[in-house]
Every structure is written in C-alpha cells, then in structure tokens.
$ cat target_21.cif   # mmCIF, C-alpha atoms and all ligand atoms
data_entry
#
loop_
_atom_site.label_atom_id
_atom_site.label_comp_id
_atom_site.auth_asym_id
_atom_site.auth_seq_id
_atom_site.Cartn_x
_atom_site.Cartn_y
_atom_site.Cartn_z
CA MET C 1 8.41 24.88 -5.61
CA VAL C 2 8.71 21.69 -7.65
CA SER C 3 5.88 19.40 -8.72
CA ALA C 4 5.84 15.88 -10.19
CA SER C 5 3.26 13.23 -10.99
CA ALA C 6 3.24 9.49 -11.64
CA PRO C 7 0.58 7.01 -12.80
CA GLY C 8 -1.13 4.13 -11.03
CA LYS C 9 -1.00 0.65 -12.52
CA LEU C 10 -2.86 -2.58 -13.02
CA ILE C 11 -1.19 -5.96 -12.91
CA LEU C 12 -2.57 -7.95 -15.83
CA PHE C 13 -0.79 -11.19 -14.88
CA GLY C 14 1.63 -12.37 -12.22
CA GLU C 15 1.14 -10.50 -8.93
CA HIS C 16 2.58 -12.21 -5.84
CA ALA C 17 4.47 -14.76 -7.99
CA VAL C 18 6.61 -11.85 -9.21
CA VAL C 19 7.91 -11.36 -5.67
CA PHE C 20 9.56 -14.81 -6.08
CA GLY C 21 11.16 -13.74 -9.37
CA GLU C 22 8.47 -15.13 -11.71
CA PRO C 23 7.48 -13.17 -14.87
CA ALA C 24 4.64 -10.63 -14.65
CA LEU C 25 2.93 -8.04 -16.85
CA SER C 26 1.53 -4.68 -15.76
CA VAL C 27 0.29 -1.51 -17.37
CA ALA C 28 0.20 2.12 -16.23
CA ILE C 29 -3.27 3.69 -16.11
CA ASP C 30 -4.62 7.18 -16.57
CA LEU C 31 -5.06 7.91 -12.85
CA ARG C 32 -2.16 9.92 -11.44
CA THR C 33 -0.74 11.11 -8.13
CA ASN C 34 0.78 14.57 -7.89
CA VAL C 35 3.31 15.69 -5.28
CA GLN C 36 4.41 19.30 -4.78
CA ALA C 37 7.42 20.13 -2.63
CA SER C 38 8.70 23.46 -1.35
CA PRO C 39 11.24 24.49 1.31
CA ALA C 40 9.80 24.79 4.84
CA GLU C 41 10.76 25.06 8.53
CA ARG C 42 9.91 21.38 9.23
CA ASP C 43 8.90 18.35 7.11
CA GLU C 44 5.15 18.51 6.64
CA LEU C 45 2.38 17.00 4.55
CA ASN C 46 -0.67 19.03 3.65
CA GLY C 47 0.20 21.35 6.56
CA MET C 48 0.62 18.57 9.22
CA PRO C 49 4.01 17.41 10.64
CA LEU C 50 5.49 14.56 8.62
CA ALA C 51 7.07 12.18 11.15
CA GLY C 52 6.35 9.20 13.35
CA GLY C 53 5.66 6.67 10.60
CA ARG C 54 2.14 7.78 9.62
CA TYR C 55 3.23 8.19 6.01
CA PRO C 56 5.92 5.51 5.76
CA TYR C 57 6.52 5.77 1.99
CA LEU C 58 7.05 9.55 2.05
CA GLU C 59 9.19 9.40 5.18
CA ALA C 60 11.35 6.57 3.78
CA ALA C 61 11.75 8.41 0.44
CA LEU C 62 12.88 11.59 2.24
CA ARG C 63 15.40 9.59 4.29
CA LYS C 64 16.73 7.93 1.14
CA ALA C 65 17.04 11.03 -1.04
CA ARG C 66 18.29 13.28 1.80
CA PRO C 67 17.08 16.69 0.66
CA LYS C 68 19.13 19.70 1.88
CA GLY C 69 16.50 21.03 4.28
CA PRO C 70 12.94 20.30 5.47
CA LEU C 71 10.14 20.28 2.89
CA SER C 72 6.47 21.07 2.83
CA LEU C 73 4.70 18.46 0.68
CA SER C 74 1.28 18.50 -0.82
CA VAL C 75 -0.15 15.28 -2.27
CA GLN C 76 -3.16 14.96 -4.53
CA SER C 77 -4.12 11.56 -5.82
CA LYS C 78 -6.72 10.16 -8.19
CA ILE C 79 -5.55 6.61 -7.37
CA PRO C 80 -7.61 4.96 -4.63
CA GLN C 81 -5.39 3.92 -1.68
CA ALA C 82 -4.60 0.29 -0.80
CA SER C 83 -6.75 -0.82 -3.72
CA GLY C 84 -4.21 -2.76 -5.78
CA MET C 85 -3.64 0.14 -8.16
CA GLY C 86 -0.15 1.15 -7.09
CA SER C 87 -0.91 4.35 -5.14
CA SER C 88 2.13 3.97 -2.86
CA ALA C 89 4.51 3.46 -5.79
CA ALA C 90 3.08 6.52 -7.57
CA VAL C 91 3.45 8.78 -4.53
CA THR C 92 6.98 7.49 -3.87
CA ALA C 93 8.11 7.95 -7.49
CA SER C 94 6.55 11.44 -7.60
CA LEU C 95 8.33 12.56 -4.43
CA LEU C 96 11.67 11.14 -5.59
CA ALA C 97 11.18 12.96 -8.92
CA CYS C 98 10.53 16.23 -7.04
CA LEU C 99 13.77 15.73 -5.11
CA GLN C 100 15.72 15.05 -8.32
CA GLY C 101 13.91 17.85 -10.14
CA ILE C 102 15.19 20.36 -7.55
CA LYS C 103 18.70 19.55 -8.84
CA GLY C 104 18.02 19.13 -12.58
CA ALA C 105 16.67 16.63 -15.10
CA LEU C 106 15.08 13.29 -14.18
CA ASP C 107 16.93 10.01 -14.34
CA ARG C 108 14.18 7.38 -14.48
CA GLU C 109 16.37 4.41 -13.73
CA SER C 110 17.64 5.86 -10.47
CA ILE C 111 14.08 6.87 -9.47
CA ALA C 112 12.84 3.32 -10.21
CA ARG C 113 15.64 1.83 -8.10
CA ALA C 114 15.18 4.20 -5.16
CA ALA C 115 11.36 3.83 -5.25
CA PHE C 116 11.73 0.04 -5.20
CA GLU C 117 14.08 0.22 -2.20
CA VAL C 118 11.54 2.41 -0.40
CA GLU C 119 8.72 -0.10 -1.09
CA PHE C 120 10.91 -3.01 -0.06
CA GLU C 121 11.82 -1.27 3.21
CA VAL C 122 8.23 -0.31 4.06
CA GLN C 123 6.57 -3.57 3.00
CA GLY C 124 9.34 -5.85 4.22
CA ARG C 125 9.34 -7.60 0.81
CA ALA C 126 8.33 -6.48 -2.68
CA SER C 127 9.00 -6.80 -6.39
CA PRO C 128 9.86 -3.77 -8.56
CA ILE C 129 6.70 -4.13 -10.69
CA ASP C 130 4.71 -1.24 -9.18
CA THR C 131 7.60 1.17 -8.86
CA THR C 132 9.00 0.60 -12.37
CA THR C 133 5.49 0.92 -13.88
CA ALA C 134 4.90 4.19 -12.01
CA THR C 135 8.31 5.47 -13.13
CA GLN C 136 8.35 4.35 -16.75
CA GLY C 137 4.63 4.26 -17.74
CA GLY C 138 3.10 2.07 -20.50
CA GLY C 139 3.29 -1.72 -20.35
CA ILE C 140 6.01 -3.33 -18.20
CA LEU C 141 7.17 -6.93 -18.45
CA LEU C 142 9.31 -8.56 -15.77
CA LEU C 143 11.40 -11.52 -16.87
CA LYS C 144 14.02 -13.80 -15.35
CA GLU C 145 16.51 -12.84 -18.03
CA ARG C 146 17.24 -9.94 -20.36
CA GLY C 147 15.03 -9.72 -23.47
CA LYS C 148 13.86 -7.23 -26.10
CA ASP C 149 13.10 -3.63 -24.97
CA PHE C 150 15.15 -4.11 -21.79
CA LEU C 151 15.03 -1.20 -19.34
CA TRP C 152 17.05 -2.14 -16.28
CA ARG C 153 17.91 -4.94 -13.88
CA ILE C 154 17.02 -4.70 -10.21
CA GLU C 155 18.41 -7.02 -7.52
CA ILE C 156 17.94 -7.25 -3.82
CA GLU C 157 19.15 -9.94 -1.45
CA LYS C 158 18.78 -13.18 -3.47
CA SER C 159 16.15 -11.86 -5.92
CA ARG C 160 16.73 -10.41 -9.37
CA TRP C 161 14.35 -9.01 -12.00
CA PHE C 162 14.92 -7.87 -15.60
CA LEU C 163 12.48 -5.10 -16.43
CA HIS C 164 11.30 -4.39 -19.98
CA SER C 165 8.89 -2.02 -21.60
CA CYS C 166 6.16 -3.80 -23.47
CA ARG C 167 3.97 -2.21 -26.14
CA LEU C 168 0.52 -3.66 -25.56
CA PRO C 169 -2.30 -3.50 -28.09
CA ASP C 170 -5.41 -1.44 -27.25
CA MET C 171 -7.80 -3.31 -24.99
CA THR C 172 -10.73 -2.42 -22.78
CA VAL C 173 -10.30 -3.16 -19.10
CA VAL C 174 -12.91 -2.49 -16.43
CA VAL C 175 -11.72 -2.15 -12.83
CA GLY C 176 -14.07 -3.23 -10.05
CA SER C 177 -13.15 -1.87 -6.67
CA THR C 178 -14.40 -3.53 -3.46
CA GLY C 179 -13.65 -0.42 -1.40
CA ILE C 180 -11.94 -2.75 1.11
CA GLU C 181 -8.44 -1.48 1.85
CA ALA C 182 -5.83 -4.18 2.34
CA SER C 183 -2.14 -3.45 2.89
CA THR C 184 0.26 -5.24 0.65
CA GLY C 185 2.96 -6.18 3.22
CA PRO C 186 0.94 -8.70 5.29
CA LEU C 187 -0.52 -10.32 2.14
CA VAL C 188 2.95 -10.76 0.64
CA ALA C 189 4.19 -12.19 3.96
CA GLY C 190 1.27 -14.68 4.03
CA VAL C 191 2.15 -15.96 0.55
CA LYS C 192 5.77 -16.38 1.63
CA ARG C 193 4.74 -18.53 4.61
CA LEU C 194 2.55 -20.69 2.37
CA PHE C 195 5.34 -20.98 -0.22
CA GLN C 196 7.78 -22.18 2.43
CA ARG C 197 5.33 -24.74 3.83
CA GLU C 198 3.46 -26.21 0.88
CA GLU C 199 4.48 -27.76 -2.41
CA THR C 200 1.06 -26.82 -3.91
CA ALA C 201 1.79 -23.14 -3.21
CA ARG C 202 5.21 -23.42 -4.87
CA ARG C 203 3.55 -25.03 -7.90
CA ALA C 204 0.91 -22.27 -8.00
CA VAL C 205 3.61 -19.56 -7.96
CA HIS C 206 5.48 -21.27 -10.79
CA ARG C 207 2.31 -21.74 -12.88
CA ILE C 208 1.42 -18.04 -12.43
CA GLY C 209 4.82 -17.21 -13.93
CA GLU C 210 4.02 -19.36 -16.97
CA ILE C 211 0.58 -17.74 -17.25
CA SER C 212 2.21 -14.30 -17.42
CA LEU C 213 4.26 -15.32 -20.46
CA GLU C 214 1.33 -17.10 -22.13
CA GLY C 215 -0.96 -14.16 -21.33
CA ARG C 216 1.40 -11.65 -22.84
CA LYS C 217 1.67 -13.72 -26.03
CA ALA C 218 -2.12 -14.03 -26.25
CA LEU C 219 -2.58 -10.26 -25.84
CA MET C 220 0.10 -9.52 -28.46
CA ASP C 221 -1.53 -12.01 -30.86
CA GLY C 222 -4.92 -10.35 -30.30
CA ASP C 223 -6.24 -13.66 -28.96
CA LEU C 224 -8.46 -12.23 -26.23
CA TYR C 225 -10.26 -15.55 -25.62
CA THR C 226 -7.01 -17.23 -24.55
CA ALA C 227 -5.93 -14.13 -22.61
CA GLY C 228 -9.27 -14.21 -20.76
CA GLU C 229 -8.99 -17.91 -19.90
CA LEU C 230 -5.52 -17.29 -18.53
CA MET C 231 -6.86 -14.43 -16.40
CA ASN C 232 -9.47 -16.81 -14.95
CA GLU C 233 -6.81 -19.40 -14.17
CA ASN C 234 -4.57 -16.72 -12.64
CA HIS C 235 -7.49 -15.66 -10.41
CA ARG C 236 -8.09 -19.23 -9.19
CA LEU C 237 -4.39 -19.67 -8.38
CA LEU C 238 -4.31 -16.38 -6.45
CA ASN C 239 -7.28 -17.65 -4.43
CA SER C 240 -5.32 -20.83 -3.70
CA LEU C 241 -2.55 -18.58 -2.33
CA GLN C 242 -5.17 -17.12 0.05
CA VAL C 243 -5.07 -13.54 -1.21
CA GLY C 244 -8.65 -13.54 -2.52
CA HIS C 245 -11.82 -12.10 -1.02
CA PRO C 246 -15.45 -13.24 -1.39
CA LEU C 247 -16.41 -9.87 -2.89
CA LEU C 248 -13.69 -10.16 -5.53
CA ASP C 249 -15.07 -13.59 -6.47
CA GLU C 250 -18.55 -12.10 -6.73
CA PHE C 251 -17.37 -9.31 -9.03
CA VAL C 252 -15.37 -11.74 -11.17
CA GLU C 253 -18.39 -14.04 -11.48
CA ALA C 254 -20.70 -11.12 -12.32
CA SER C 255 -18.30 -9.92 -15.04
CA LEU C 256 -17.72 -13.25 -16.75
CA PRO C 257 -20.93 -13.41 -18.86
CA HIS C 258 -19.80 -10.15 -20.54
CA SER C 259 -16.01 -10.62 -20.49
CA TYR C 260 -13.19 -12.66 -21.96
CA GLY C 261 -11.89 -13.18 -18.43
CA ALA C 262 -11.45 -11.54 -15.04
CA LYS C 263 -9.13 -11.69 -12.04
CA LEU C 264 -8.13 -9.85 -8.93
CA THR C 265 -5.36 -7.31 -9.50
CA GLY C 266 -2.58 -6.22 -7.15
CA ALA C 267 -2.18 -7.55 -3.65
CA GLY C 268 -5.80 -8.74 -3.18
CA GLY C 269 -7.41 -9.37 0.22
CA GLY C 270 -9.98 -6.75 -0.88
CA GLY C 271 -8.75 -4.09 -3.28
CA SER C 272 -9.75 -4.51 -6.91
CA MET C 273 -10.38 -6.88 -9.79
CA ILE C 274 -10.16 -6.37 -13.55
CA ALA C 275 -12.19 -7.70 -16.47
CA LEU C 276 -11.11 -7.80 -20.12
CA THR C 277 -14.18 -7.04 -22.20
CA ASP C 278 -15.81 -5.65 -25.33
CA TRP C 279 -18.86 -4.62 -23.27
CA PRO C 280 -17.58 -2.27 -20.57
CA ASP C 281 -21.06 -0.87 -19.83
CA ARG C 282 -22.49 -4.30 -19.09
CA VAL C 283 -19.53 -5.24 -16.89
CA THR C 284 -19.71 -1.93 -15.01
CA GLU C 285 -23.42 -2.44 -14.41
CA ALA C 286 -22.93 -6.04 -13.22
CA ILE C 287 -20.24 -5.02 -10.71
CA GLU C 288 -22.18 -2.02 -9.46
CA ALA C 289 -25.30 -4.17 -9.00
CA ARG C 290 -23.23 -6.11 -6.44
CA GLY C 291 -22.16 -3.01 -4.55
CA GLY C 292 -18.78 -2.39 -6.23
CA ARG C 293 -17.43 0.75 -7.83
CA ALA C 294 -16.54 0.10 -11.46
CA PHE C 295 -14.81 2.20 -14.08
CA VAL C 296 -13.01 1.85 -17.39
CA VAL C 297 -9.31 2.76 -17.43
CA SER C 298 -7.02 3.65 -20.31
CA THR C 299 -3.36 2.87 -20.74
CA GLU C 300 -1.05 5.72 -19.72
CA PRO C 301 2.14 6.00 -21.74
CA ARG C 302 3.71 8.65 -19.48
CA GLY C 303 5.63 7.56 -16.40
CA VAL C 304 6.85 9.98 -13.76
CA ILE C 305 7.16 13.58 -15.01
CA LEU C 306 7.96 16.99 -13.64
CA GLU C 307 4.91 19.23 -13.88
CA PRO C 308 5.15 22.84 -14.99
CA GLU C 309 4.70 25.23 -12.06
CA GLY C 310 1.52 27.17 -11.43
O1 LIG C 401 -1.63 -4.02 -4.50
P1 LIG C 401 -0.37 -3.37 -4.94
O2 LIG C 401 -0.59 -2.25 -5.87
O3 LIG C 401 0.48 -2.99 -3.75
O4 LIG C 401 0.46 -4.49 -5.78
C1 LIG C 401 1.22 -5.47 -5.15
C2 LIG C 401 1.82 -6.47 -6.11
C3 LIG C 401 2.46 -7.66 -5.40
O5 LIG C 401 2.93 -8.56 -6.41
C4 LIG C 401 1.45 -8.40 -4.53
C5 LIG C 401 3.64 -7.24 -4.51
C6 LIG C 401 4.86 -6.77 -5.27
O6 LIG C 401 5.64 -6.02 -4.69
O7 LIG C 401 5.07 -7.18 -6.42
#

$ encode --input "target_21.cif" --output "structure tokens" --more "lines below"
Ligand code: PMV
Amino acid sequence: MVSASAPGKLILFGEHAVVFGEPALSVAIDLRTNVQASPAERDELNGMPLAGGRYPYLEAALRKARPKGPLSLSVQSKIPQASGMGSSAAVTASLLACLQGIKGALDRESIARAAFEVEFEVQGRASPIDTTTATQGGGILLLKERGKDFLWRIEIEKSRWFLHSCRLPDMTVVVGSTGIEASTGPLVAGVKRLFQREETARRAVHRIGEISLEGRKALMDGDLYTAGELMNENHRLLNSLQVGHPLLDEFVEASLPHSYGAKLTGAGGGGSMIALTDWPDRVTEAIEARGGRAFVVSTEPRGVILEPEG
C-alpha cells in the first residue's frame, strides 16, 4: 500500500484572471487530503467501482499515470468539496504522488504538470494555481515572466504561466464558507464568455492582475491596510465578472468592521470568502451570525508528501 497527502489552498488575489495569464497569489492551508492506494482486482474508491465519470479527477489521473494494474483507493479529506479551497487539486496531486511513490521518490514538478493537465481536462479550462499550490505548499506566485524563486513554467494551448514560491509573512485569515457547492468549470466558462463579449470584463481581468502584484507587495511590506483595500477591490471586480453570490457579499460586509479587507476566494458562485484580520474571533462570530461556517486557517509549508504506512 502507498499513501500520500496534499494541502488545500486559498487564493489571496487573482482567481479567474489567472486563467487568462494574469498574475495571482495563493497559499497552501493546513487542511489536507489523503489518498491510499493498493493493488486490487478492479479500480475502486472506498470499496465502490471507480468508473463512469463519477469521480472525474481520480479517473483522469489514473488514465494519465497508467498504473500497472487496477487499484483500490481510499480518500479522506479535511478540505470541503467545491468550496474554493482546492479539494480537487489536492486529491489529484495526492493520487499522482501515490502512483509515483509506488516506483520511487517524488518529482514535484512532474506531479504539478500532470495534476494541471488533469484539472484542465476535467474543467475544460484552468490555470495551474491550485495544482502547483497543492504540490509545492507555502505561498505560490504566478507571473507572466520568470522572476525570483522560480519553480517551473507551465504552458497549454496559447497560455503560459511562470510559477514561483513566495515566502509570505504571518497573517491571520478567516475563511467563511457558504456551504453552497459550485463547480469551477461552468464559472470559468462564464467568465470566458464575458471576456470575449465585453471590454469592461477585459479591463476587470487586467486590473485583477495588477491587484495581485500590488497585493503581494503590500503583504510583503506588512502594509495590511493597503492589502485589505486591494482585497475589497478584487472582490468588487469578481462580482462584476458574475462569479459572486449574495451570501458571499453578506459575509464580506459582516467581516469588514473587524477586518483589513475581505473577498471571495476560489471560483465563487457560492463556495467561500476570506477576511484578513487581527480579530479572528469577531470575524468568525459575524459570519456565523449570518449562517456561515467560519474558521481560522494557518499557512501550510508542506506540499504533496508520501505518508509513512500504518
Ligand atoms: O474554486 P477552486 O478551488 O476550484 O479555484 C479555482 C480558481 C480559478 O482561478 C477560478 C480557476 C483556475 O483554474 O485558476
């Protein structure tokens, strides 16, 4: 048997715009998904047959990595599904690590590439932000060109991203989850349609890219007021791209009196929001008073790893 785990993530700045090649900043969080794999008579997940597209990420990862024979998989996850916290990237990276781990040591770059290709195939369109964050851990910065702390370059069709690790200072982030599951693919497709039709959408995407760079600088400078204002602007622009949800707006509004700033995180359409704060208890209370589930997350330096057996 082989076992591997990978972290979830939060996008601090730049979701959706990153799909068009704009800069973005994400961070791995201390919620992990674990996959165990052992030889079996047929491919199965938690004892049930694994086929027919019910678990598209696992099925696509198995097709891509072509293990020698069928596998019995068991998945345990602390990352809520379809909530903007990168659960599909974490499960994909963990399974690919299991398949590599059967043969020897892990090669993170090849896992990040294969996991991205799986997400791209399943979602129809994607950036490598989730999959590289799940694979590498810590802070991840996507840029249009190669910079300091470069990890790898990923290209597909006409898009190209330069991925970097980014050491972020300590900060307190509260996640507010709406409990509304929204799949990423249709939301990404909706933004693409808007981008093709409307100049305002193209301007919003470009401005989000600028915000990511300004936001990263503000965080590195310890200027949380500016970082918070940029989060608020990023949230408004995501709403203009029609990936918001009334409940996300409510949670953002409820957080603001106790936060530097707040925004939706991940694909949106439900899912989750984040608030940057010095008063996590007050923010948690404010979100929960409006029916959300709120919790404080910590940064996770470890990316995908093989777990000791037993
Ligand atoms: O909600 P998540 O965890 O699937 O994040 C999606 C991030 C997007 O920018 C919307 C899509 C992508 O592939 O970058």

$ axis_aligned_box --input "target_21.cif" --around "segment 72-86 of chain C" --padding-each-side "5 Å" --output "AutoDock Vina command-line options"
--center_x -0.6 --center_y 9.2 --center_z -2.7 --size_x 24.1 --size_y 33.8 --size_z 21.0

$ closest_residue --input "target_21.cif" --among "C:Pro23, C:Gly261, C:Gly52, C:Gly86" --to "ligand LIG 401 (chain C)" --atoms "only C-alpha atoms and all ligand atoms"
C:Gly86

$ closest_atom_pairs --input "target_21.cif" --of "chain C" --to "ligand LIG 401 (chain C)" --cutoff "6 Å" --atoms "all atoms listed in the file" --output "JSON lines"
{"residue": "C:Glu15", "atom": "CA", "partner": "C:LIG401", "partner_atom": "O5", "distance": 3.6}
{"residue": "C:His16", "atom": "CA", "partner": "C:LIG401", "partner_atom": "O5", "distance": 3.7}
{"residue": "C:Val18", "atom": "CA", "partner": "C:LIG401", "partner_atom": "O7", "distance": 5.7}
{"residue": "C:Val19", "atom": "CA", "partner": "C:LIG401", "partner_atom": "O7", "distance": 5.1}
{"residue": "C:Gly84", "atom": "CA", "partner": "C:LIG401", "partner_atom": "O1", "distance": 3.1}
{"residue": "C:Met85", "atom": "CA", "partner": "C:LIG401", "partner_atom": "O2", "distance": 4.5}
{"residue": "C:Gly86", "atom": "CA", "partner": "C:LIG401", "partner_atom": "O2", "distance": 3.6}
{"residue": "C:Ala126", "atom": "CA", "partner": "C:LIG401", "partner_atom": "O6", "distance": 3.4}
{"residue": "C:Ser127", "atom": "CA", "partner": "C:LIG401", "partner_atom": "O6", "distance": 3.8}
{"residue": "C:Ile129", "atom": "CA", "partner": "C:LIG401", "partner_atom": "O7", "distance": 5.5}
{"residue": "C:Thr184", "atom": "CA", "partner": "C:LIG401", "partner_atom": "O3", "distance": 4.9}
{"residue": "C:Val188", "atom": "CA", "partner": "C:LIG401", "partner_atom": "C4", "distance": 5.9}
{"residue": "C:Gly266", "atom": "CA", "partner": "C:LIG401", "partner_atom": "O1", "distance": 3.6}
{"residue": "C:Ala267", "atom": "CA", "partner": "C:LIG401", "partner_atom": "O1", "distance": 3.7}

$ residues_around --input "target_21.cif" --residues "Leu163 of chain C" --least-positions-apart "2" --cutoff "8 Å" --atoms "all atoms listed in the file" --output "list in words"
Thr132, Ile140, Leu141, Leu142, Leu143, Arg146, Phe150, Leu151, Trp152, Arg153, Ile154, Trp161 and Ser165 of chain C

$ write_last_selection --input "target_21.cif" --atoms "C-alpha atoms" --output "PDB file, in the coordinates of the input"
ATOM      1  CA  THR C 132       9.000   0.600 -12.370  1.00  0.00           C
ATOM      2  CA  ILE C 140       6.010  -3.330 -18.200  1.00  0.00           C
ATOM      3  CA  LEU C 141       7.170  -6.930 -18.450  1.00  0.00           C
ATOM      4  CA  LEU C 142       9.310  -8.560 -15.770  1.00  0.00           C
ATOM      5  CA  LEU C 143      11.400 -11.520 -16.870  1.00  0.00           C
ATOM      6  CA  ARG C 146      17.240  -9.940 -20.360  1.00  0.00           C
ATOM      7  CA  PHE C 150      15.150  -4.110 -21.790  1.00  0.00           C
ATOM      8  CA  LEU C 151      15.030  -1.200 -19.340  1.00  0.00           C
ATOM      9  CA  TRP C 152      17.050  -2.140 -16.280  1.00  0.00           C
ATOM     10  CA  ARG C 153      17.910  -4.940 -13.880  1.00  0.00           C
ATOM     11  CA  ILE C 154      17.020  -4.700 -10.210  1.00  0.00           C
ATOM     12  CA  TRP C 161      14.350  -9.010 -12.000  1.00  0.00           C
ATOM     13  CA  SER C 165       8.890  -2.020 -21.600  1.00  0.00           C
TER      14      SER C 165
END

$ residues_around --input "target_21.cif" --residues "Gly14 of chain C" --least-positions-apart "3" --cutoff "10 Å" --atoms "all atoms listed in the file" --output "PyMOL selection string"
chain C and resi 11+17-19+22-26+129+141-142+205-213+215+231+234-235+238+265-266

$ atom_distance --input "target_21.cif" --atom1 "atom CA of Ile274 of chain C" --atom2 "atom CA of Val175 of chain C"
4.6 Å

$ atom_distance --input "target_21.cif" --atom1 "atom CA of Glu157 of chain C" --atom2 "atom CA of Ala51 of chain C"
28.2 Å

$ closest_residue --input "target_21.cif" --among "C:Ala6, C:Ile79, C:Leu248, C:Val118" --to "Gly303 of chain C" --atoms "all atoms listed in the file"
C:Ala6

$ closest_residue --input "target_21.cif" --among "C:Arg42, C:Arg202, C:Arg216, C:Lys158" --to "Gly139 of chain C" --atoms "only C-alpha atoms"
C:Arg216

$ atom_distance --input "target_21.cif" --atom1 "atom CA of Ala204 of chain C" --atom2 "atom CA of Phe20 of chain C"
11.6 Å

$ closest_residue --input "target_21.cif" --among "C:Leu187, C:Val174, C:Leu12, C:Ala182" --to "Val283 of chain C" --atoms "only C-alpha atoms"
C:Val174

$ residues_around --input "target_21.cif" --residues "Thr131 of chain C" --least-positions-apart "6" --cutoff "8 Å" --atoms "only C-alpha atoms" --output "ChimeraX atom specification"
/C:86,89-90,93,112,115-116,119

$ closest_residue --input "target_21.cif" --among "C:Leu99, C:Thr135, C:Leu10, C:Glu145" --to "Ile305 of chain C" --atoms "only C-alpha atoms"
C:Thr135

$ closest_residue --input "target_21.cif" --among "C:Pro39, C:Gly137, C:Leu237, C:Leu264" --to "Arg108 of chain C" --atoms "all atoms listed in the file"
C:Gly137
